[in-house]
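Structure, as structure tokens:
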Amino acid sequence: MTNITVAGTGYVGLVTGVCLAEMGHSVTCVDNVQDKIEILNKGISPIFEPELDDLIVRNLKSNKLTFTTNYQDAYSKSDVIFIGVGTPENEDGSANLNYIYTVAHQIASSIERDCLIVVKSTVPIGTNEKIENFIKQHLKNNVKIEVASNPEFLAQGTAVRDTLYASRIVIGVESELAKKVLTSIYKPFNQPILVMNRRSAEMVKYASNDFLALKISFVNDIANLCEAVGANIEDVTNGMSYDKRIGNKFLNPGIGYGGSCFPKDTKALHWLSEEEGYVLRTIKAAIEVNEKQKFKLIKKSRKDFPSFKGLKVAVLGLTFKPGTDDLREAPSVPNIRLLLNEGANIHAYDPVGMNNFKKIYPTQISYGETIEEVLKDADLCFIFTEWNEIKNINLNLFKKQMKSPFVYDGRNCFSLNKVRDAEINYQSIGRPNVNEYRVNNEIVFN
């Protein structure tokens with residue numbers, strides 16, 4: 001058992017700390033927000049993440065897990081400190097490391113024994129080395145420290161499983177001692193451990209996330225061309241997926257990627273490459289495609305509704321993907337902002353994201369407790385998130401509830417075969433429009 005402290009109780013820090021405790025380590029999670037710590041000590045997670053609440057309760061009861069704001073006490077007793085705080089993007093697209101350096105300064109002033117400091121946060125290549133030098137320069141006590149890189153590969157909505165049953169664990173170290181300590185910590189996980197130097201480990205994280213983002217932007221680009229030439233993106237990606245070199249993951253077309261990782265990590269690596277005098281043209285293209293893709297549904301709907309002023313617009317799904325309440329870089333946010341600016345009357349539904357969305361728009365839009373309520377008398381409907389509650393809608397509900405059943409699906413939630421049997425005007429991404437024919441500029445159904 002190792003005495004571990006985890007700095008930060010966001011997605012990365014909290015999931016890391018809880019899963020380390022689940023594997024038998026003694027873990028203290030530190031955060032400077034007292035209200036959050038009080039909630040956690042009651043066994044309640046401040047973020048929506050499947051399985052997380054149960055693990056928190058179980059490890060609190062077994063005394064393997066503690067939450068506190070007293071970082072001095074926590075750091076002074078630690079053998080290993082994981083840094084899992086956020087690294088949001090700056091205005092120029094670079095990574096903001098203020099939280100990292102704040103924790104580094106706290107560690108330097110608090111530790112009283114030799115300690116391994118592990119950077120779990122996503123940071124630009126070379127940051128681990130800079131953090132190590134910074135801490136050594138500000139040490140209050142005569143102790144030895146070393147910094148190691150241990151990037152996370154968590155997907156929101158599956159973060160607990162991604163940690164407990166990871167495909168691999170990457171550790172970047174510069175000494176045999178650091179390698180020994182980290183491999184010992186992760187031995188109970190029984191997962192492949194890849195050992196490399198710190199800069200390579202930092203790059204693995206960015207390269208992995210940016211490749212997936214590139215794959216999403218590529219398939220969205222192809223989907224847009226499919227619409228122009230009369231192909232069906234679902235048939236295309238199905239044909240691609242049989243090639244084992246390509247596979248079938250991240251080949252689902254839509255209105256772009258969002259969340260806490262892909263947007264900022266693509267921008268950060270693009271910014272870093274330019275600072276180093278090299279342009280990552282593929283990543284630059286992925287960013288550009290994604291920004292335009294966010295407004296794909298608005299562009300489609302303009303052909304039917306040149307103006308949104310005074311229209312009742314139903315919005316189904318607010319979070320950037322299902323399984324999370326996170327709204328960071330969610331396509332719903334800029335789309336709703338545009339609709340509001342044009343005078344639309346918006347009614348929204350999301351099974352878990354509405355409370356967070358109310359922090360952005362507390363009164364400007366209406367929130368419904370059911371899909372039926374939101375669709376009632378709506379002129380058109382946008383689907384931004386593929387929640388199961390939305391994918392399982394009886395398609396007749398659109399015709400029954402809406403004033404005019406114009407449905408713009410940004411996540412291809414419904415099969416075209418089922419849509420053909422419903423009397424709705426339906427448009428999706430990269431697939432043929434069905435049930436729509438224009439006669440004298442009026443919509444009729446087949």
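Ligands are numbered from 1 in the order shown, chains are lettered A, B, ... in the order of the structure tokens, and residues start at 1 in each chain.
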
Fewer than 4 positions away in the same chain doesn't count, so skip those; otherwise give me all residues within 10 Å of A:Asn32, counting only C-alpha atoms, as a list in words.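 Non-adjacent residues within range: Ala7, Gly8, Thr9, Lys36, Ile37, Thr68, Thr69, Asn70 and Tyr71 of chain A.
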
Based on the selection just made, write C-alpha atoms of those residues as a PDB file, in the first residue's frame.
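As written to disk, result17.pdb reads:
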ATOM      1  CA  ALA A   7      -4.339  17.070  -6.628  1.00  0.00           C
ATOM      2  CA  GLY A   8      -7.663  18.004  -8.209  1.00  0.00           C
ATOM      3  CA  THR A   9     -11.114  16.413  -8.103  1.00  0.00           C
ATOM      4  CA  LYS A  36     -17.002  20.170  -3.482  1.00  0.00           C
ATOM      5  CA  ILE A  37     -15.016  18.446  -0.734  1.00  0.00           C
ATOM      6  CA  THR A  68      -9.653  17.421   2.000  1.00  0.00           C
ATOM      7  CA  THR A  69      -8.750  21.043   1.292  1.00  0.00           C
ATOM      8  CA  ASN A  70      -5.702  20.849   3.591  1.00  0.00           C
ATOM      9  CA  TYR A  71      -3.017  20.368   0.961  1.00  0.00           C
TER      10      TYR A  71
END

Spatial neighbours of A:Ala286, max dist 6 Å, only C-alpha atoms, sep filter under 3 positions, as number ranges by chain: A: 214, 217, 283, 289

Going by DSSP on the backbone, which bits of stretch 46-156 of chain A are alpha helix (DSSP H)? Write them as a ChimeraX atom specification, please. /A:52-61,71-76,98-110,127-138

Calculate how many Å separate atom CA of A:Asn142 from atom CA of A:Ser109, rounding to one decimal.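 If I compute the distance from atom CA of A:Asn142 to atom CA of A:Ser109, I get 10.9 Å.
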
For A:Lys144, please output as a PyMOL selection string all residues within 9 Å (counting only C-alpha atoms; exclusion window: fewer than 4 positions along the same chain). chain A and resi 113-116+136

Calculated over only C-alpha atoms, which of the candidates A:Lys299, A:Ile255, A:Asn290, A:Lys418 has the smallest distance to A:Leu338? A:Lys299

With only C-alpha atoms as the counted atoms, please give the residues lying no more than 7 Å from stretch 271-278 of chain A, apart from itself and same-chain residues fewer than 4 positions off, as a ChimeraX atom specification. /A:93-94,267

Selected residue of minimal separation from A:Gly323 among A:Thr385, A:Thr102, A:Thr28, A:Ser184, counting only C-alpha atoms: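 For A:Gly323, the nearest of the candidates is A:Thr385.
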
Please measure the separation of atom CA of A:Gly258 and atom CA of A:Glu329, giving the value in Å to one decimal. 4.6 Å

Have a look at atom CA of A:Gly256 and atom CA of A:Glu51 and let me know their distance in Å, one decimal. 27.1 Å

Spatial neighbours of A:Pro334, max dist 12 Å, only C-alpha atoms, sep filter under 2 positions, as number ranges by chain: A: 255, 258, 291-298, 318, 320, 327-332, 336-341, 360, 384

Counting only C-alpha atoms, which residue out of A:Ala268, A:Ala108, A:Ile117, A:Val147 sits closest to A:Asn90? A:Ala268

Counting only C-alpha atoms, which of A:Ala348, A:Lys77, A:Pro46, A:Pro253 gets nearest to A:Tyr361?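 Answer, going by the shortest atom-to-atom distance: A:Ala348.
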
Excluding same-chain residues fewer than 2 positions from stretch 148-160 of chain A, what lies within 9 Å of it counting only C-alpha atoms, as a PyMOL selection string? chain A and resi 11-12+15-16+18-19+48-52+82+116-123+128-129+132+146+162-166+168-174+178-179+182+197-199+201-202+204-205+208-209+259-261+321-326

Backbone-only DSSP, strand (DSSP E) members of stretch 282-389 of chain A, as a list in words: Lys312, Val313, Ala314, Val315, Leu316, Asn345, Ile346, His347, Ala348, Tyr349, Ser366, Tyr367, Leu380, Cys381, Phe382 and Ile383 of chain A

Can you write out the residues you just picked, keeping all heavy atoms, as a compact mmCIF listing (two decimals), in the first residue's frame?
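Resulting contents of selection05.txt:
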# COMPACT_ATOMS: atom_id res chain seq x y z
N LYS A 312 -40.92 28.30 -32.63
CA LYS A 312 -40.63 27.44 -31.50
C LYS A 312 -39.69 26.34 -31.98
O LYS A 312 -40.04 25.54 -32.85
CB LYS A 312 -41.90 26.82 -30.92
CG LYS A 312 -41.59 25.88 -29.75
CD LYS A 312 -42.82 25.29 -29.08
CE LYS A 312 -42.40 24.36 -27.95
NZ LYS A 312 -43.56 23.77 -27.23
N VAL A 313 -38.51 26.31 -31.38
CA VAL A 313 -37.48 25.34 -31.77
C VAL A 313 -37.28 24.35 -30.63
O VAL A 313 -36.94 24.72 -29.51
CB VAL A 313 -36.15 26.04 -32.09
CG1 VAL A 313 -35.08 25.01 -32.45
CG2 VAL A 313 -36.33 27.05 -33.23
N ALA A 314 -37.49 23.07 -30.92
CA ALA A 314 -37.24 22.01 -29.94
C ALA A 314 -35.80 21.56 -30.08
O ALA A 314 -35.31 21.34 -31.19
CB ALA A 314 -38.19 20.84 -30.17
N VAL A 315 -35.11 21.44 -28.96
CA VAL A 315 -33.72 20.96 -28.94
C VAL A 315 -33.65 19.71 -28.08
O VAL A 315 -34.01 19.72 -26.90
CB VAL A 315 -32.76 22.03 -28.39
CG1 VAL A 315 -31.38 21.44 -28.17
CG2 VAL A 315 -32.69 23.23 -29.33
N LEU A 316 -33.21 18.61 -28.68
CA LEU A 316 -33.06 17.35 -27.96
C LEU A 316 -31.58 17.05 -27.81
O LEU A 316 -30.88 16.82 -28.80
CB LEU A 316 -33.75 16.22 -28.71
CG LEU A 316 -35.26 16.38 -28.95
CD1 LEU A 316 -35.82 15.16 -29.65
CD2 LEU A 316 -35.99 16.65 -27.65
N ASN A 345 -37.66 30.84 -30.16
CA ASN A 345 -38.22 30.47 -28.86
C ASN A 345 -37.81 29.01 -28.62
O ASN A 345 -38.39 28.09 -29.19
CB ASN A 345 -39.74 30.63 -28.89
CG ASN A 345 -40.38 30.21 -27.58
OD1 ASN A 345 -39.72 30.10 -26.55
ND2 ASN A 345 -41.68 29.96 -27.62
N ILE A 346 -36.81 28.79 -27.75
CA ILE A 346 -36.18 27.48 -27.64
C ILE A 346 -36.70 26.71 -26.43
O ILE A 346 -36.75 27.23 -25.31
CB ILE A 346 -34.65 27.62 -27.55
CG1 ILE A 346 -34.12 28.26 -28.84
CG2 ILE A 346 -33.98 26.27 -27.32
CD1 ILE A 346 -32.66 28.59 -28.80
N HIS A 347 -37.05 25.45 -26.67
CA HIS A 347 -37.45 24.52 -25.62
C HIS A 347 -36.52 23.32 -25.69
O HIS A 347 -36.42 22.66 -26.74
CB HIS A 347 -38.90 24.09 -25.80
CG HIS A 347 -39.88 25.20 -25.59
ND1 HIS A 347 -40.76 25.23 -24.54
CD2 HIS A 347 -40.10 26.34 -26.30
CE1 HIS A 347 -41.49 26.33 -24.60
NE2 HIS A 347 -41.11 27.02 -25.67
N ALA A 348 -35.81 23.01 -24.59
CA ALA A 348 -34.75 22.02 -24.63
C ALA A 348 -34.98 20.88 -23.64
O ALA A 348 -35.58 21.06 -22.58
CB ALA A 348 -33.40 22.68 -24.34
N TYR A 349 -34.44 19.71 -24.02
CA TYR A 349 -34.48 18.54 -23.14
C TYR A 349 -33.14 17.81 -23.20
O TYR A 349 -32.56 17.62 -24.27
CB TYR A 349 -35.58 17.56 -23.56
CG TYR A 349 -35.48 16.22 -22.86
CD1 TYR A 349 -35.98 16.05 -21.58
CD2 TYR A 349 -34.82 15.14 -23.47
CE1 TYR A 349 -35.85 14.82 -20.92
CE2 TYR A 349 -34.70 13.93 -22.82
CZ TYR A 349 -35.22 13.77 -21.55
OH TYR A 349 -35.08 12.57 -20.90
N SER A 366 -36.55 27.62 -22.41
CA SER A 366 -37.41 26.79 -21.56
C SER A 366 -36.87 25.36 -21.54
O SER A 366 -36.34 24.88 -22.54
CB SER A 366 -38.85 26.79 -22.09
OG SER A 366 -39.39 28.10 -22.08
N TYR A 367 -37.04 24.70 -20.40
CA TYR A 367 -36.56 23.33 -20.25
C TYR A 367 -37.74 22.42 -19.97
O TYR A 367 -38.60 22.74 -19.14
CB TYR A 367 -35.55 23.24 -19.11
CG TYR A 367 -34.32 24.11 -19.32
CD1 TYR A 367 -34.29 25.43 -18.86
CD2 TYR A 367 -33.22 23.60 -20.00
CE1 TYR A 367 -33.17 26.22 -19.06
CE2 TYR A 367 -32.09 24.40 -20.20
CZ TYR A 367 -32.07 25.70 -19.74
OH TYR A 367 -30.97 26.50 -19.94
N LEU A 380 -39.83 23.24 -35.56
CA LEU A 380 -38.73 22.39 -36.01
C LEU A 380 -37.99 21.85 -34.81
O LEU A 380 -38.13 22.35 -33.69
CB LEU A 380 -37.77 23.14 -36.94
CG LEU A 380 -36.95 24.31 -36.37
CD1 LEU A 380 -35.72 24.54 -37.23
CD2 LEU A 380 -37.78 25.59 -36.29
N CYS A 381 -37.18 20.81 -35.06
CA CYS A 381 -36.46 20.16 -33.97
C CYS A 381 -35.02 19.89 -34.38
O CYS A 381 -34.76 19.39 -35.49
CB CYS A 381 -37.16 18.84 -33.61
SG CYS A 381 -36.24 17.82 -32.42
N PHE A 382 -34.09 20.22 -33.49
CA PHE A 382 -32.68 19.89 -33.68
C PHE A 382 -32.28 18.81 -32.67
O PHE A 382 -32.61 18.91 -31.49
CB PHE A 382 -31.78 21.11 -33.46
CG PHE A 382 -31.92 22.16 -34.52
CD1 PHE A 382 -32.39 23.43 -34.19
CD2 PHE A 382 -31.55 21.90 -35.83
CE1 PHE A 382 -32.51 24.42 -35.15
CE2 PHE A 382 -31.67 22.89 -36.81
CZ PHE A 382 -32.14 24.14 -36.47
N ILE A 383 -31.54 17.81 -33.13
CA ILE A 383 -30.99 16.77 -32.25
C ILE A 383 -29.48 16.94 -32.21
O ILE A 383 -28.80 16.80 -33.22
CB ILE A 383 -31.36 15.36 -32.74
CG1 ILE A 383 -32.88 15.18 -32.76
CG2 ILE A 383 -30.72 14.30 -31.84
CD1 ILE A 383 -33.33 13.85 -33.34

Select, from A:Thr66, A:Thr363, A:Asn3, A:Asn388, the residue with the minimum atom-to-atom distance to A:Val30, counting only C-alpha atoms.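 Closest candidate: A:Thr66.
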
Nearest residue to A:Leu311 from the set A:Lys358, A:Lys180, A:Lys249, A:Lys403 (distances using only C-alpha atoms):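 Nearest candidate to A:Leu311 out of A:Lys358, A:Lys180, A:Lys249, A:Lys403: A:Lys403.
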